[in-house]
Number of protein chains: 2
Amino acid sequence: MTSQAKVPTRTGRMRPGRRPGATGTREALLAAGTELFADRGYDGVPVWEIAKKAGVNKAMISYHFGGKRKLYLTIVGATFSEILERVEGLAASTAPAPDVLRELIAVVGDLASRRHPHFCTMMLREVLTGGMRLEPEVVALPMRILAAVKGIVERGVREGAFRPVDPLLTHLSLVGSLVFFFATARFRERVLTDRLHVKPPSAEAYVTHIQDLVTNGLAASKTGPGRRR
Amino acid sequence: MTSQAKVPTRTGRMRPGRRPGATGTREALLAAGTELFADRGYDGVPVWEIAKKAGVNKAMISYHFGGKRKLYLTIVGATFSEILERVEGLAASTAPAPDVLRELIAVVGDLASRRHPHFCTMMLREVLTGGMRLEPEVVALPMRILAAVKGIVERGVREGAFRPVDPLLTHLSLVGSLVFFFATARFRERVLTDRLHVKPPSAEAYVTHIQDLVTNGLAASKTGPGRRR
DNA sequence: GTCTATAGGCTGATAGAC
DNA sequence: GTCTATCAGCCTATAGAC
């Protein structure tokens with residue numbers, strides 16, 4: 001969803017090099033929508049506000065995207081594809097599984113805290129509010145993350161680096177703790193600072209914590225088959 | 001918020017034992033609201049639907065609770081206080097910290113999967129959509145969970161059972177992975193079953209997985225009898 | 001306490017001029 | 001492509017009859 005390829009102008013004529021400003025409107029709406037949706041969620045943002053922030057008219061949303069919901073899905077898809085690209089690249093690595101997993105945690109943490117600081121919030125909110133009725137486009141995306149992580153964990157178990165854990169459960173606990181952290185970061189920032197006067201933990205500190213927790217928690221080398229309960 | 005203490009009737013007169021059905025209306029609204037809000041979120045449920053499900057009239061919501069939002073907060077508070085009670089009881093235990101933590105995971109898992117299957121969804125959604133502007137009542141509750149878990153972890157570190165982890169980070173990763181799992185359970189159920197034809201993991205399996213992950217991941221004794229203090 | 005009816009404020013979408 | 005004006009559809013809260 002790189003948004004381009006479309007330079008026709010006026011009444012049927014093509015003006016090869018020039019662009020009449022239409023592309024600008026499209027991108028302005030995408031940018032404005034990204035920021036606002038991330039901040040307040042789909043239901044929390046009226047279309048007129050997106051248009052205002054983009055400096056264009058309400059009606060342009062229907063014209064260019066076919067409605068509010070379509071604009072939203074375009075934004076989510078675009079953001080997700082970038083994350084997916086890096087995660088799937090990592091899954092193809094042949095380095096030791098524990099190292100790959102640590103790197104994956106670092107990459108997700110970096111993307112979620114710097115480049116796309118609202119992404120986890122958006123996806124989680126979507127899953128929660130969507131419940132039973134979500135567009136296939138939205139559903140397909142997390143599935144590919146699952147496949148990537150599952151692959152890494154399965155390899156780690158097969159090679160003996162990890163104890164025989166369930167890949168799906170491992171994926172859920174790993175991704176869950178990361179997504180939860182970044183999705184609730186702004187809430188924590190307000191609450192911890194204003195009420196408890198405690199400095200909220202940094203993304204880097206949390207990433208390191210999860211890396212260590214997973215490394216120790218999944219490691220195969222244990223003094224005995226100690227499994228309790 | 002156990003909802004009672006309020007038996008006045010008619011026009012100022014008190015009828016000691018009997019209850020005129022008003023309490024029934026209140027509780028019917030609470031029950032209907034709990035189910036519907038959990039399912040579709042605050043914004044997703046119109047008041048007429050709550051009233052319909054409760055078998056009473058729309059206007060009763062404003063009459064008994066002072067509006068939709070107040071009804072919602074009453075529900076959230078009531079559910080939370082039960083969970084809080086058990087968690088804080090556990091935090092007061094003097095048993096070995098790792099055992100207490102395992103028990104806490106089991107208790108939260110049980111409450112979140114059986115007795116209050118929608119609770120995690122509700123709280124998480126609230127934190128996400130509330131962002132910067134949440135009522136103090138809602139904010140105070142998770143804070144007490146934090147304090148309880150923090151206490152257990154700190155004791156574990158002090159007694160040498162855990163390696164010197166940060167209690168706040170540990171709390172976030174633990175609660176995060178649990179809340180994420182239960183909040184997204186219904187989504188998973190639909191997606192995994194309908195699209196991938198895989199049976200979604202049970203709450204019990206996940207609880208065990210997290211218990212093991214935490215036990216191994218926080219354990220102090222790694223490659224030697226390393227004990228502190 | 002409970003109901004009906006209605007007021008009043010939002011929203012997203014679109015017809016049609018330019 | 002872009003704008004203005006308007007529409008129909010929702011929602012919540014409340015006044016007032018019973």
# chains A, B, ... in the order shown; residues from 1 in each chain; ligands from 1

call {"tool": "residues_around", "arguments": {"residues": "C:DG9", "least_positions_apart": "5", "cutoff": "12 Å", "atoms": "only C-alpha atoms (C1' of nucleotides)", "output": "list of chain:residue names"}}
result
D:DC10, D:DC11, D:DT12, D:DA13

call {"tool": "interface_residues", "arguments": {"of": "chain D", "to": "chain A", "cutoff": "8 Å", "atoms": "only C-alpha atoms (C1' of nucleotides)", "output": "list in words"}}
result
DG1, DT2 and DC3 of chain D

call {"tool": "atom_distance", "arguments": {"atom1": "atom CA of B:Pro164", "atom2": "atom CA of B:Leu218"}}
result
8.5 Å

call {"tool": "calpha_fit_and_write", "arguments": {"fixed": "chain B", "moving": "chain A", "output": "PDB file with C-alpha atoms, in the first residue's frame"}}
result
ATOM      1  CA  MET A   1     -20.763  -2.123  45.351  1.00  0.00           C
ATOM      2  CA  THR A   2     -23.160  -4.796  46.451  1.00  0.00           C
ATOM      3  CA  SER A   3     -26.145  -2.673  45.514  1.00  0.00           C
ATOM      4  CA  GLN A   4     -28.862  -2.739  48.137  1.00  0.00           C
ATOM      5  CA  ALA A   5     -29.819  -0.631  51.138  1.00  0.00           C
ATOM      6  CA  LYS A   6     -32.630   1.355  49.685  1.00  0.00           C
ATOM      7  CA  VAL A   7     -36.162   0.227  50.269  1.00  0.00           C
ATOM      8  CA  PRO A   8     -38.235   3.417  50.329  1.00  0.00           C
ATOM      9  CA  THR A   9     -41.440   3.249  48.325  1.00  0.00           C
ATOM     10  CA  ARG A  10     -44.173   5.400  46.868  1.00  0.00           C
ATOM     11  CA  THR A  11     -44.615   8.812  48.358  1.00  0.00           C
ATOM     12  CA  GLY A  12     -42.394   8.897  51.373  1.00  0.00           C
ATOM     13  CA  ARG A  13     -43.875   5.867  53.080  1.00  0.00           C
ATOM     14  CA  MET A  14     -41.578   2.991  54.064  1.00  0.00           C
ATOM     15  CA  ARG A  15     -42.712  -0.577  53.485  1.00  0.00           C
ATOM     16  CA  PRO A  16     -40.289  -2.529  55.678  1.00  0.00           C
ATOM     17  CA  GLY A  17     -40.154  -5.982  54.158  1.00  0.00           C
ATOM     18  CA  ARG A  18     -41.475  -5.658  50.634  1.00  0.00           C
ATOM     19  CA  ARG A  19     -39.578  -4.414  47.660  1.00  0.00           C
ATOM     20  CA  PRO A  20     -41.460  -2.704  44.896  1.00  0.00           C
ATOM     21  CA  GLY A  21     -39.498  -4.098  42.015  1.00  0.00           C
ATOM     22  CA  ALA A  22     -37.101  -1.213  41.799  1.00  0.00           C
ATOM     23  CA  THR A  23     -34.235  -3.329  42.999  1.00  0.00           C
ATOM     24  CA  GLY A  24     -35.054  -5.772  40.267  1.00  0.00           C
ATOM     25  CA  THR A  25     -34.676  -3.115  37.615  1.00  0.00           C
ATOM     26  CA  ARG A  26     -31.354  -1.991  38.988  1.00  0.00           C
ATOM     27  CA  GLU A  27     -29.956  -5.484  39.003  1.00  0.00           C
ATOM     28  CA  ALA A  28     -31.366  -6.335  35.622  1.00  0.00           C
ATOM     29  CA  LEU A  29     -29.546  -3.335  34.189  1.00  0.00           C
ATOM     30  CA  LEU A  30     -26.314  -4.323  35.890  1.00  0.00           C
ATOM     31  CA  ALA A  31     -26.540  -7.859  34.554  1.00  0.00           C
ATOM     32  CA  ALA A  32     -27.413  -6.794  31.034  1.00  0.00           C
ATOM     33  CA  GLY A  33     -24.732  -4.122  31.023  1.00  0.00           C
ATOM     34  CA  THR A  34     -22.047  -6.507  32.251  1.00  0.00           C
ATOM     35  CA  GLU A  35     -22.627  -8.905  29.417  1.00  0.00           C
ATOM     36  CA  LEU A  36     -22.990  -6.332  26.662  1.00  0.00           C
ATOM     37  CA  PHE A  37     -20.140  -4.046  27.677  1.00  0.00           C
ATOM     38  CA  ALA A  38     -17.822  -7.005  27.983  1.00  0.00           C
ATOM     39  CA  ASP A  39     -18.757  -8.171  24.547  1.00  0.00           C
ATOM     40  CA  ARG A  40     -18.546  -4.975  22.597  1.00  0.00           C
ATOM     41  CA  GLY A  41     -17.007  -2.291  24.784  1.00  0.00           C
ATOM     42  CA  TYR A  42     -18.393   0.963  26.047  1.00  0.00           C
ATOM     43  CA  ASP A  43     -18.756   2.689  22.706  1.00  0.00           C
ATOM     44  CA  GLY A  44     -20.075  -0.441  21.061  1.00  0.00           C
ATOM     45  CA  VAL A  45     -23.270  -0.652  23.063  1.00  0.00           C
ATOM     46  CA  PRO A  46     -26.195   1.787  22.758  1.00  0.00           C
ATOM     47  CA  VAL A  47     -28.267   2.361  25.876  1.00  0.00           C
ATOM     48  CA  TRP A  48     -31.469   1.148  24.276  1.00  0.00           C
ATOM     49  CA  GLU A  49     -29.899  -2.272  23.848  1.00  0.00           C
ATOM     50  CA  ILE A  50     -28.989  -2.542  27.502  1.00  0.00           C
ATOM     51  CA  ALA A  51     -32.509  -1.538  28.431  1.00  0.00           C
ATOM     52  CA  LYS A  52     -34.003  -4.030  26.008  1.00  0.00           C
ATOM     53  CA  LYS A  53     -31.903  -6.894  27.336  1.00  0.00           C
ATOM     54  CA  ALA A  54     -32.817  -5.933  30.889  1.00  0.00           C
ATOM     55  CA  GLY A  55     -36.481  -5.769  29.946  1.00  0.00           C
ATOM     56  CA  VAL A  56     -36.872  -2.191  31.099  1.00  0.00           C
ATOM     57  CA  ASN A  57     -36.901   1.271  29.618  1.00  0.00           C
ATOM     58  CA  LYS A  58     -33.952   3.383  28.463  1.00  0.00           C
ATOM     59  CA  ALA A  59     -34.775   6.157  30.852  1.00  0.00           C
ATOM     60  CA  MET A  60     -34.188   3.844  33.793  1.00  0.00           C
ATOM     61  CA  ILE A  61     -30.458   4.004  33.207  1.00  0.00           C
ATOM     62  CA  SER A  62     -30.329   7.710  33.841  1.00  0.00           C
ATOM     63  CA  TYR A  63     -32.746   7.359  36.718  1.00  0.00           C
ATOM     64  CA  HIS A  64     -30.901   4.630  38.591  1.00  0.00           C
ATOM     65  CA  PHE A  65     -27.288   5.327  37.723  1.00  0.00           C
ATOM     66  CA  GLY A  66     -27.169   8.865  36.408  1.00  0.00           C
ATOM     67  CA  GLY A  67     -26.217   8.007  32.855  1.00  0.00           C
ATOM     68  CA  LYS A  68     -24.500   5.405  30.732  1.00  0.00           C
ATOM     69  CA  ARG A  69     -20.983   6.106  31.908  1.00  0.00           C
ATOM     70  CA  LYS A  70     -21.909   5.822  35.581  1.00  0.00           C
ATOM     71  CA  LEU A  71     -23.570   2.481  34.949  1.00  0.00           C
ATOM     72  CA  TYR A  72     -20.409   1.306  33.269  1.00  0.00           C
ATOM     73  CA  LEU A  73     -18.181   2.411  36.133  1.00  0.00           C
ATOM     74  CA  THR A  74     -20.441   0.685  38.646  1.00  0.00           C
ATOM     75  CA  ILE A  75     -20.105  -2.561  36.723  1.00  0.00           C
ATOM     76  CA  VAL A  76     -16.336  -2.347  36.380  1.00  0.00           C
ATOM     77  CA  GLY A  77     -15.899  -1.521  40.034  1.00  0.00           C
ATOM     78  CA  ALA A  78     -18.072  -4.397  41.190  1.00  0.00           C
ATOM     79  CA  THR A  79     -16.236  -6.971  39.098  1.00  0.00           C
ATOM     80  CA  PHE A  80     -12.841  -5.675  40.015  1.00  0.00           C
ATOM     81  CA  SER A  81     -13.420  -5.667  43.740  1.00  0.00           C
ATOM     82  CA  GLU A  82     -13.964  -9.421  43.737  1.00  0.00           C
ATOM     83  CA  ILE A  83     -10.699 -10.077  41.960  1.00  0.00           C
ATOM     84  CA  LEU A  84      -8.902  -7.598  44.155  1.00  0.00           C
ATOM     85  CA  GLU A  85     -10.131  -9.346  47.262  1.00  0.00           C
ATOM     86  CA  ARG A  86      -8.592 -12.672  46.275  1.00  0.00           C
ATOM     87  CA  VAL A  87      -5.326 -11.200  45.053  1.00  0.00           C
ATOM     88  CA  GLU A  88      -4.803  -9.119  48.156  1.00  0.00           C
ATOM     89  CA  GLY A  89      -5.625 -12.105  50.319  1.00  0.00           C
ATOM     90  CA  LEU A  90      -2.896 -14.037  48.549  1.00  0.00           C
ATOM     91  CA  ALA A  91      -0.428 -11.206  48.993  1.00  0.00           C
ATOM     92  CA  ALA A  92      -0.882 -11.470  52.747  1.00  0.00           C
ATOM     93  CA  SER A  93       0.188 -15.124  52.746  1.00  0.00           C
ATOM     94  CA  THR A  94       3.423 -16.128  54.433  1.00  0.00           C
ATOM     95  CA  ALA A  95       4.065 -19.203  52.269  1.00  0.00           C
ATOM     96  CA  PRO A  96       7.224 -19.289  50.106  1.00  0.00           C
ATOM     97  CA  ALA A  97       7.059 -16.507  47.528  1.00  0.00           C
ATOM     98  CA  PRO A  98       7.379 -18.772  44.463  1.00  0.00           C
ATOM     99  CA  ASP A  99       4.441 -20.864  45.678  1.00  0.00           C
ATOM    100  CA  VAL A 100       2.355 -17.777  46.318  1.00  0.00           C
ATOM    101  CA  LEU A 101       3.153 -16.469  42.865  1.00  0.00           C
ATOM    102  CA  ARG A 102       2.151 -19.747  41.254  1.00  0.00           C
ATOM    103  CA  GLU A 103      -1.074 -19.698  43.213  1.00  0.00           C
ATOM    104  CA  LEU A 104      -1.719 -16.106  42.195  1.00  0.00           C
ATOM    105  CA  ILE A 105      -1.337 -17.006  38.548  1.00  0.00           C
ATOM    106  CA  ALA A 106      -3.759 -19.894  39.007  1.00  0.00           C
ATOM    107  CA  VAL A 107      -6.301 -17.720  40.804  1.00  0.00           C
ATOM    108  CA  VAL A 108      -6.185 -14.962  38.213  1.00  0.00           C
ATOM    109  CA  GLY A 109      -6.428 -17.517  35.448  1.00  0.00           C
ATOM    110  CA  ASP A 110      -9.431 -19.147  37.043  1.00  0.00           C
ATOM    111  CA  LEU A 111     -11.271 -15.889  37.667  1.00  0.00           C
ATOM    112  CA  ALA A 112     -10.477 -14.557  34.221  1.00  0.00           C
ATOM    113  CA  SER A 113     -11.514 -17.691  32.379  1.00  0.00           C
ATOM    114  CA  ARG A 114     -14.512 -18.930  34.342  1.00  0.00           C
ATOM    115  CA  ARG A 115     -16.171 -16.429  36.646  1.00  0.00           C
ATOM    116  CA  HIS A 116     -15.415 -13.213  34.743  1.00  0.00           C
ATOM    117  CA  PRO A 117     -14.579 -14.249  31.192  1.00  0.00           C
ATOM    118  CA  HIS A 118     -14.746 -10.708  29.842  1.00  0.00           C
ATOM    119  CA  PHE A 119     -13.051  -8.842  32.596  1.00  0.00           C
ATOM    120  CA  CYS A 120      -9.569  -8.599  31.090  1.00  0.00           C
ATOM    121  CA  THR A 121     -11.023  -7.370  27.846  1.00  0.00           C
ATOM    122  CA  MET A 122     -12.941  -4.655  29.619  1.00  0.00           C
ATOM    123  CA  MET A 123     -10.069  -3.393  31.712  1.00  0.00           C
ATOM    124  CA  LEU A 124      -7.573  -3.441  28.897  1.00  0.00           C
ATOM    125  CA  ARG A 125      -9.943  -1.684  26.559  1.00  0.00           C
ATOM    126  CA  GLU A 126     -10.530   0.911  29.225  1.00  0.00           C
ATOM    127  CA  VAL A 127      -6.841   1.575  29.675  1.00  0.00           C
ATOM    128  CA  LEU A 128      -6.303   1.815  25.929  1.00  0.00           C
ATOM    129  CA  THR A 129      -9.221   4.034  25.030  1.00  0.00           C
ATOM    130  CA  GLY A 130      -9.019   6.094  28.166  1.00  0.00           C
ATOM    131  CA  GLY A 131      -5.434   7.034  27.644  1.00  0.00           C
ATOM    132  CA  MET A 132      -4.875  10.278  29.385  1.00  0.00           C
ATOM    133  CA  ARG A 133      -8.377  10.965  30.585  1.00  0.00           C
ATOM    134  CA  LEU A 134      -9.728   8.288  32.917  1.00  0.00           C
ATOM    135  CA  GLU A 135     -11.874   8.561  36.002  1.00  0.00           C
ATOM    136  CA  PRO A 136      -9.979   8.175  39.291  1.00  0.00           C
ATOM    137  CA  GLU A 137     -12.191   5.227  40.207  1.00  0.00           C
ATOM    138  CA  VAL A 138     -10.867   3.234  37.276  1.00  0.00           C
ATOM    139  CA  VAL A 139      -7.271   4.244  37.794  1.00  0.00           C
ATOM    140  CA  ALA A 140      -7.106   3.293  41.463  1.00  0.00           C
ATOM    141  CA  LEU A 141      -8.030  -0.346  40.913  1.00  0.00           C
ATOM    142  CA  PRO A 142      -5.064  -1.697  38.888  1.00  0.00           C
ATOM    143  CA  MET A 143      -2.787   0.141  41.263  1.00  0.00           C
ATOM    144  CA  ARG A 144      -3.788  -2.135  44.102  1.00  0.00           C
ATOM    145  CA  ILE A 145      -3.040  -5.207  42.003  1.00  0.00           C
ATOM    146  CA  LEU A 146       0.383  -3.756  41.343  1.00  0.00           C
ATOM    147  CA  ALA A 147       0.985  -3.264  45.048  1.00  0.00           C
ATOM    148  CA  ALA A 148      -0.001  -6.854  45.824  1.00  0.00           C
ATOM    149  CA  VAL A 149       2.217  -8.478  43.205  1.00  0.00           C
ATOM    150  CA  LYS A 150       5.064  -6.122  43.983  1.00  0.00           C
ATOM    151  CA  GLY A 151       4.896  -7.166  47.623  1.00  0.00           C
ATOM    152  CA  ILE A 152       5.158 -10.851  46.799  1.00  0.00           C
ATOM    153  CA  VAL A 153       8.065 -10.380  44.417  1.00  0.00           C
ATOM    154  CA  GLU A 154       9.957  -8.140  46.810  1.00  0.00           C
ATOM    155  CA  ARG A 155       9.642 -10.722  49.537  1.00  0.00           C
ATOM    156  CA  GLY A 156      10.874 -13.453  47.191  1.00  0.00           C
ATOM    157  CA  VAL A 157      13.951 -11.422  46.341  1.00  0.00           C
ATOM    158  CA  ARG A 158      14.597 -10.545  49.970  1.00  0.00           C
ATOM    159  CA  GLU A 159      14.359 -14.179  51.032  1.00  0.00           C
ATOM    160  CA  GLY A 160      16.662 -15.286  48.247  1.00  0.00           C
ATOM    161  CA  ALA A 161      14.131 -17.370  46.373  1.00  0.00           C
ATOM    162  CA  PHE A 162      14.231 -15.069  43.361  1.00  0.00           C
ATOM    163  CA  ARG A 163      17.168 -13.461  41.646  1.00  0.00           C
ATOM    164  CA  PRO A 164      17.282  -9.680  42.209  1.00  0.00           C
ATOM    165  CA  VAL A 165      14.608  -8.706  39.731  1.00  0.00           C
ATOM    166  CA  ASP A 166      12.777  -5.403  39.593  1.00  0.00           C
ATOM    167  CA  PRO A 167       9.345  -5.922  41.184  1.00  0.00           C
ATOM    168  CA  LEU A 168       7.602  -3.452  38.894  1.00  0.00           C
ATOM    169  CA  LEU A 169       9.002  -4.987  35.718  1.00  0.00           C
ATOM    170  CA  THR A 170       8.159  -8.427  36.992  1.00  0.00           C
ATOM    171  CA  HIS A 171       4.615  -7.401  37.768  1.00  0.00           C
ATOM    172  CA  LEU A 172       4.186  -5.914  34.313  1.00  0.00           C
ATOM    173  CA  SER A 173       5.463  -8.963  32.493  1.00  0.00           C
ATOM    174  CA  LEU A 174       3.425 -11.342  34.611  1.00  0.00           C
ATOM    175  CA  VAL A 175       0.143  -9.479  34.606  1.00  0.00           C
ATOM    176  CA  GLY A 176       0.716  -8.381  31.029  1.00  0.00           C
ATOM    177  CA  SER A 177       1.025 -11.869  29.650  1.00  0.00           C
ATOM    178  CA  LEU A 178      -2.043 -13.025  31.585  1.00  0.00           C
ATOM    179  CA  VAL A 179      -4.250 -10.076  30.732  1.00  0.00           C
ATOM    180  CA  PHE A 180      -3.202 -10.225  27.101  1.00  0.00           C
ATOM    181  CA  PHE A 181      -4.037 -13.902  26.872  1.00  0.00           C
ATOM    182  CA  PHE A 182      -7.513 -13.632  28.332  1.00  0.00           C
ATOM    183  CA  ALA A 183      -8.340 -10.365  26.631  1.00  0.00           C
ATOM    184  CA  THR A 184      -7.553 -11.804  23.225  1.00  0.00           C
ATOM    185  CA  ALA A 185      -9.040 -15.236  23.849  1.00  0.00           C
ATOM    186  CA  ARG A 186     -12.158 -14.685  21.766  1.00  0.00           C
ATOM    187  CA  PHE A 187     -10.197 -13.242  18.871  1.00  0.00           C
ATOM    188  CA  ARG A 188      -7.904 -16.258  18.913  1.00  0.00           C
ATOM    189  CA  GLU A 189     -10.814 -18.611  19.093  1.00  0.00           C
ATOM    190  CA  ARG A 190     -12.283 -17.244  15.927  1.00  0.00           C
ATOM    191  CA  VAL A 191      -9.065 -16.840  13.988  1.00  0.00           C
ATOM    192  CA  LEU A 192      -7.287 -20.047  14.881  1.00  0.00           C
ATOM    193  CA  THR A 193     -10.355 -22.194  14.402  1.00  0.00           C
ATOM    194  CA  ASP A 194     -11.804 -20.633  11.268  1.00  0.00           C
ATOM    195  CA  ARG A 195      -8.623 -19.904   9.371  1.00  0.00           C
ATOM    196  CA  LEU A 196      -5.875 -22.173  10.570  1.00  0.00           C
ATOM    197  CA  HIS A 197      -8.054 -25.028  11.795  1.00  0.00           C
ATOM    198  CA  VAL A 198      -5.984 -25.214  14.945  1.00  0.00           C
ATOM    199  CA  LYS A 199      -7.557 -25.687  18.340  1.00  0.00           C
ATOM    200  CA  PRO A 200      -6.896 -22.579  20.493  1.00  0.00           C
ATOM    201  CA  PRO A 201      -4.978 -23.247  23.713  1.00  0.00           C
ATOM    202  CA  SER A 202      -6.961 -23.722  26.905  1.00  0.00           C
ATOM    203  CA  ALA A 203      -6.753 -21.363  29.857  1.00  0.00           C
ATOM    204  CA  GLU A 204      -5.410 -24.182  32.023  1.00  0.00           C
ATOM    205  CA  ALA A 205      -2.571 -24.939  29.624  1.00  0.00           C
ATOM    206  CA  TYR A 206      -1.599 -21.297  29.488  1.00  0.00           C
ATOM    207  CA  VAL A 207      -1.689 -20.914  33.259  1.00  0.00           C
ATOM    208  CA  THR A 208       0.629 -23.881  33.637  1.00  0.00           C
ATOM    209  CA  HIS A 209       2.934 -22.476  30.984  1.00  0.00           C
ATOM    210  CA  ILE A 210       3.189 -19.113  32.728  1.00  0.00           C
ATOM    211  CA  GLN A 211       3.699 -20.743  36.096  1.00  0.00           C
ATOM    212  CA  ASP A 212       6.641 -22.721  34.751  1.00  0.00           C
ATOM    213  CA  LEU A 213       8.041 -19.782  32.848  1.00  0.00           C
ATOM    214  CA  VAL A 214       7.982 -17.556  35.908  1.00  0.00           C
ATOM    215  CA  THR A 215       9.252 -20.224  38.262  1.00  0.00           C
ATOM    216  CA  ASN A 216      12.225 -20.976  36.029  1.00  0.00           C
ATOM    217  CA  GLY A 217      12.710 -17.414  34.908  1.00  0.00           C
ATOM    218  CA  LEU A 218      12.893 -15.864  38.342  1.00  0.00           C
ATOM    219  CA  ALA A 219      14.684 -18.659  40.185  1.00  0.00           C
ATOM    220  CA  ALA A 220      17.824 -17.554  41.985  1.00  0.00           C
ATOM    221  CA  SER A 221      19.700 -20.836  41.737  1.00  0.00           C
ATOM    222  CA  LYS A 222      21.876 -20.563  38.677  1.00  0.00           C
ATOM    223  CA  THR A 223      25.282 -21.972  37.853  1.00  0.00           C
ATOM    224  CA  GLY A 224      27.129 -18.729  38.057  1.00  0.00           C
ATOM    225  CA  PRO A 225      26.040 -15.111  37.854  1.00  0.00           C
ATOM    226  CA  GLY A 226      25.166 -15.574  34.219  1.00  0.00           C
ATOM    227  CA  ARG A 227      23.618 -12.336  33.117  1.00  0.00           C
ATOM    228  CA  ARG A 228      24.060 -11.451  29.485  1.00  0.00           C
ATOM    229  CA  ARG A 229      24.127  -8.140  27.713  1.00  0.00           C
TER     230      ARG A 229
END

call {"tool": "interface_residues", "arguments": {"of": "chain C", "to": "chain B", "cutoff": "10 Å", "atoms": "only C-alpha atoms (C1' of nucleotides)", "output": "PyMOL selection string"}}
result
chain C and resi 1-4

call {"tool": "residues_around", "arguments": {"residues": "stretch 6-8 of chain D", "least_positions_apart": "4", "cutoff": "12 Å", "atoms": "only C-alpha atoms (C1' of nucleotides)", "output": "count of residues only"}}
result
6

call {"tool": "select_by_dssp", "arguments": {"residues": "stretch 40-221 of chain B", "states": "alpha helix (DSSP H)", "output": "PyMOL selection string"}}
result
chain B and resi 40+47-54+59-65+68-91+97-110+119-130+136-158+167-183+185-191+203-218
